[in-house]
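One file, start_32.pdb, is given below (PDB, C-alpha atoms, pLDDT in the B column).
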```pdb
ATOM      1  CA  MET A   1      -9.581  14.302  -3.132  1.00 39.00           C
ATOM      2  CA  PRO A   2      -7.050  15.260  -5.824  1.00 47.00           C
ATOM      3  CA  ARG A   3      -3.363  15.063  -5.113  1.00 57.00           C
ATOM      4  CA  SER A   4      -1.619  18.300  -4.387  1.00 58.00           C
ATOM      5  CA  ARG A   5       0.771  19.327  -7.130  1.00 71.00           C
ATOM      6  CA  LYS A   6       4.327  19.679  -5.917  1.00 76.00           C
ATOM      7  CA  SER A   7       7.070  21.319  -7.882  1.00 87.00           C
ATOM      8  CA  PRO A   8       9.416  18.889  -9.660  1.00 88.00           C
ATOM      9  CA  LEU A   9      12.325  19.951  -7.459  1.00 91.00           C
ATOM     10  CA  VAL A  10      10.394  19.149  -4.281  1.00 90.00           C
ATOM     11  CA  ARG A  11       9.311  15.767  -5.677  1.00 90.00           C
ATOM     12  CA  ILE A  12      12.882  14.884  -6.661  1.00 92.00           C
ATOM     13  CA  ALA A  13      14.186  15.973  -3.260  1.00 93.00           C
ATOM     14  CA  LEU A  14      11.559  13.819  -1.499  1.00 92.00           C
ATOM     15  CA  LEU A  15      12.330  10.883  -3.782  1.00 92.00           C
ATOM     16  CA  ILE A  16      16.068  11.131  -3.057  1.00 94.00           C
ATOM     17  CA  THR A  17      15.332  11.441   0.662  1.00 94.00           C
ATOM     18  CA  GLY A  18      13.217   8.292   0.468  1.00 93.00           C
ATOM     19  CA  PHE A  19      16.001   6.335  -1.243  1.00 94.00           C
ATOM     20  CA  VAL A  20      18.535   7.603   1.317  1.00 95.00           C
ATOM     21  CA  LEU A  21      16.261   6.432   4.147  1.00 93.00           C
ATOM     22  CA  ILE A  22      15.872   3.008   2.554  1.00 92.00           C
ATOM     23  CA  ILE A  23      19.645   2.719   2.088  1.00 94.00           C
ATOM     24  CA  ALA A  24      20.248   3.884   5.686  1.00 92.00           C
ATOM     25  CA  THR A  25      17.940   1.202   7.116  1.00 92.00           C
ATOM     26  CA  PRO A  26      20.693  -1.401   7.761  1.00 91.00           C
ATOM     27  CA  LEU A  27      22.741   1.196   9.618  1.00 90.00           C
ATOM     28  CA  VAL A  28      19.802   2.128  11.834  1.00 88.00           C
ATOM     29  CA  GLY A  29      18.902  -1.559  12.227  1.00 84.00           C
ATOM     30  CA  ILE A  30      22.133  -2.147  14.147  1.00 85.00           C
ATOM     31  CA  ILE A  31      20.907   0.127  16.938  1.00 84.00           C
ATOM     32  CA  PRO A  32      18.783  -1.772  19.502  1.00 85.00           C
ATOM     33  CA  GLY A  33      15.062  -1.336  19.016  1.00 82.00           C
ATOM     34  CA  PRO A  34      12.744  -1.355  16.044  1.00 84.00           C
ATOM     35  CA  GLY A  35      14.109   1.849  14.467  1.00 83.00           C
ATOM     36  CA  GLY A  36      15.088   0.238  11.170  1.00 85.00           C
ATOM     37  CA  ILE A  37      11.504  -0.765  10.440  1.00 86.00           C
ATOM     38  CA  PHE A  38      10.262   2.788  10.815  1.00 88.00           C
ATOM     39  CA  VAL A  39      13.105   4.249   8.757  1.00 90.00           C
ATOM     40  CA  PHE A  40      12.425   1.762   5.944  1.00 89.00           C
ATOM     41  CA  ALA A  41       8.671   2.427   6.057  1.00 85.00           C
ATOM     42  CA  GLY A  42       9.238   6.191   5.924  1.00 88.00           C
ATOM     43  CA  GLY A  43      11.575   5.841   2.965  1.00 91.00           C
ATOM     44  CA  LEU A  44       9.141   3.533   1.181  1.00 87.00           C
ATOM     45  CA  VAL A  45       6.295   5.989   1.691  1.00 86.00           C
ATOM     46  CA  LEU A  46       8.341   8.854   0.248  1.00 90.00           C
ATOM     47  CA  VAL A  47       9.427   6.802  -2.759  1.00 91.00           C
ATOM     48  CA  LEU A  48       5.916   5.497  -3.486  1.00 86.00           C
ATOM     49  CA  GLN A  49       4.365   8.948  -3.206  1.00 86.00           C
ATOM     50  CA  ASN A  50       6.839  10.579  -5.553  1.00 89.00           C
ATOM     51  CA  SER A  51       7.678   7.953  -8.187  1.00 89.00           C
ATOM     52  CA  ASN A  52       5.300   6.525 -10.774  1.00 88.00           C
ATOM     53  CA  TRP A  53       7.859   3.850 -11.646  1.00 91.00           C
ATOM     54  CA  ALA A  54       8.038   2.648  -8.025  1.00 89.00           C
ATOM     55  CA  ARG A  55       4.250   2.717  -7.738  1.00 86.00           C
ATOM     56  CA  ARG A  56       3.856   0.502 -10.833  1.00 90.00           C
ATOM     57  CA  HIS A  57       6.419  -2.008  -9.568  1.00 90.00           C
ATOM     58  CA  PHE A  58       4.859  -2.001  -6.105  1.00 85.00           C
ATOM     59  CA  ALA A  59       1.453  -2.801  -7.655  1.00 84.00           C
ATOM     60  CA  ARG A  60       3.016  -5.656  -9.649  1.00 89.00           C
ATOM     61  CA  LEU A  61       4.661  -6.978  -6.467  1.00 85.00           C
ATOM     62  CA  LYS A  62       1.317  -6.854  -4.651  1.00 82.00           C
ATOM     63  CA  ARG A  63      -0.392  -8.830  -7.437  1.00 85.00           C
ATOM     64  CA  ARG A  64       2.329 -11.467  -7.371  1.00 89.00           C
ATOM     65  CA  TRP A  65       2.427 -11.831  -3.568  1.00 85.00           C
ATOM     66  CA  PRO A  66      -0.981 -10.706  -2.218  1.00 80.00           C
ATOM     67  CA  ARG A  67      -0.141 -11.377   1.432  1.00 79.00           C
ATOM     68  CA  LEU A  68       2.894  -9.089   1.265  1.00 76.00           C
ATOM     69  CA  GLY A  69       0.743  -6.457  -0.420  1.00 73.00           C
ATOM     70  CA  HIS A  70      -1.907  -6.804   2.283  1.00 73.00           C
ATOM     71  CA  TYR A  71       0.584  -6.227   5.088  1.00 73.00           C
ATOM     72  CA  SER A  72       2.336  -3.362   3.341  1.00 71.00           C
ATOM     73  CA  ASP A  73      -0.965  -1.606   2.569  1.00 70.00           C
ATOM     74  CA  MET A  74      -2.045  -2.084   6.157  1.00 69.00           C
ATOM     75  CA  ALA A  75       1.235  -0.656   7.434  1.00 66.00           C
ATOM     76  CA  LEU A  76       1.192   2.267   4.990  1.00 65.00           C
ATOM     77  CA  ARG A  77      -2.511   2.961   5.770  1.00 68.00           C
ATOM     78  CA  ARG A  78      -3.385   3.233   2.100  1.00 67.00           C
ATOM     79  CA  ARG A  79      -6.884   4.300   1.067  1.00 74.00           C
ATOM     80  CA  SER A  80      -7.102   1.446  -1.434  1.00 73.00           C
ATOM     81  CA  PHE A  81      -6.563  -1.014   1.418  1.00 74.00           C
ATOM     82  CA  ARG A  82      -9.438   0.485   3.407  1.00 79.00           C
ATOM     83  CA  ARG A  83     -11.688   0.393   0.313  1.00 84.00           C
ATOM     84  CA  ARG A  84     -10.885  -3.270  -0.317  1.00 81.00           C
ATOM     85  CA  GLN A  85     -11.559  -4.125   3.323  1.00 83.00           C
ATOM     86  CA  GLN A  86     -14.887  -2.290   3.260  1.00 89.00           C
ATOM     87  CA  ARG A  87     -15.849  -4.010  -0.016  1.00 90.00           C
ATOM     88  CA  ALA A  88     -15.033  -7.437   1.441  1.00 88.00           C
ATOM     89  CA  LYS A  89     -17.029  -6.657   4.583  1.00 92.00           C
ATOM     90  CA  ASP A  90     -20.035  -5.480   2.533  1.00 93.00           C
ATOM     91  CA  ALA A  91     -19.866  -8.617   0.375  1.00 92.00           C
ATOM     92  CA  ALA A  92     -19.794 -10.853   3.452  1.00 91.00           C
ATOM     93  CA  ILE A  93     -22.813  -9.038   4.918  1.00 92.00           C
ATOM     94  CA  ALA A  94     -24.725  -9.316   1.633  1.00 90.00           C
ATOM     95  CA  LYS A  95     -23.914 -13.034   1.384  1.00 89.00           C
ATOM     96  CA  ALA A  96     -25.076 -13.643   4.956  1.00 89.00           C
ATOM     97  CA  GLU A  97     -28.319 -11.748   4.309  1.00 88.00           C
ATOM     98  CA  ALA A  98     -28.918 -13.708   1.086  1.00 87.00           C
ATOM     99  CA  GLU A  99     -28.385 -17.034   2.867  1.00 86.00           C
ATOM    100  CA  MET A 100     -30.701 -15.946   5.670  1.00 86.00           C
ATOM    101  CA  LEU A 101     -33.426 -15.166   3.117  1.00 86.00           C
ATOM    102  CA  GLY A 102     -32.952 -18.563   1.455  1.00 83.00           C
ATOM    103  CA  PHE A 103     -31.200 -17.537  -1.742  1.00 80.00           C
ATOM    104  CA  PRO A 104     -28.572 -19.957  -3.102  1.00 72.00           C
ATOM    105  CA  ALA A 105     -24.961 -19.217  -2.170  1.00 66.00           C
ATOM    106  CA  ASP A 106     -23.795 -19.076  -5.803  1.00 64.00           C
ATOM    107  CA  PRO A 107     -26.447 -17.988  -8.342  1.00 57.00           C
ATOM    108  CA  ARG A 108     -24.491 -19.379 -11.356  1.00 59.00           C
TER
END
```

Show me, as structure tokens, the structure contained in the file I just sent.
Amino acid sequence: MPRSRKSPLVRIALLITGFVLIIATPLVGIIPGPGGIFVFAGGLVLVLQNSNWARRHFARLKRRWPRLGHYSDMALRRRSFRRRQQRAKDAAIAKAEAEMLGFPADPR
């Protein structure tokens, strides 16, 4: 499904809103409860959706620290995360079927 095209003014406004939410996270974190986590996640989502620069750096961060990338993708409910999970599940099923049929584990 292609991304909807937003006007540049709307994208800039959403990007600024995302940065403001990220900056406001420590202030909301003082209040009892988990509010700061949700404010930060909302700001991160807005920034990642509206900034190619942030998206590139986020991908680099995920390659460097895969566990952090796994948890952030899971929290942000990204489609790429669901695809990777489905691919891993399919590979595990195929490996189990191959072992059951007597094929070697690694054909190399």

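For stretch 6-23 of chain A, the list of residues within 12 Å, based on only C-alpha atoms and with local chain neighbours fewer than 5 positions off taken out, reads A:Val28, A:Gly29, A:Gly35, A:Gly36, A:Ile37, A:Phe38, A:Val39, A:Phe40, A:Ala41, A:Gly42, A:Gly43, A:Leu44, A:Val45, A:Leu46, A:Val47, A:Leu48, A:Gln49, A:Asn50, A:Ser51, A:Asn52, A:Trp53, A:Ala54.
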
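Coordinates place atom CA of A:Asp73 at a distance of 12.3 Å from atom CA of A:Arg55.
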
Exercise for the section: Work out how far apart atom CA of A:Gly69 and atom CA of A:Arg56 are and give it in Å to one decimal. Expected result: 12.9 Å

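Our summary of the geometry notes that atom CA of A:Ala59 is positioned 11.0 Å from atom CA of A:Ser72.
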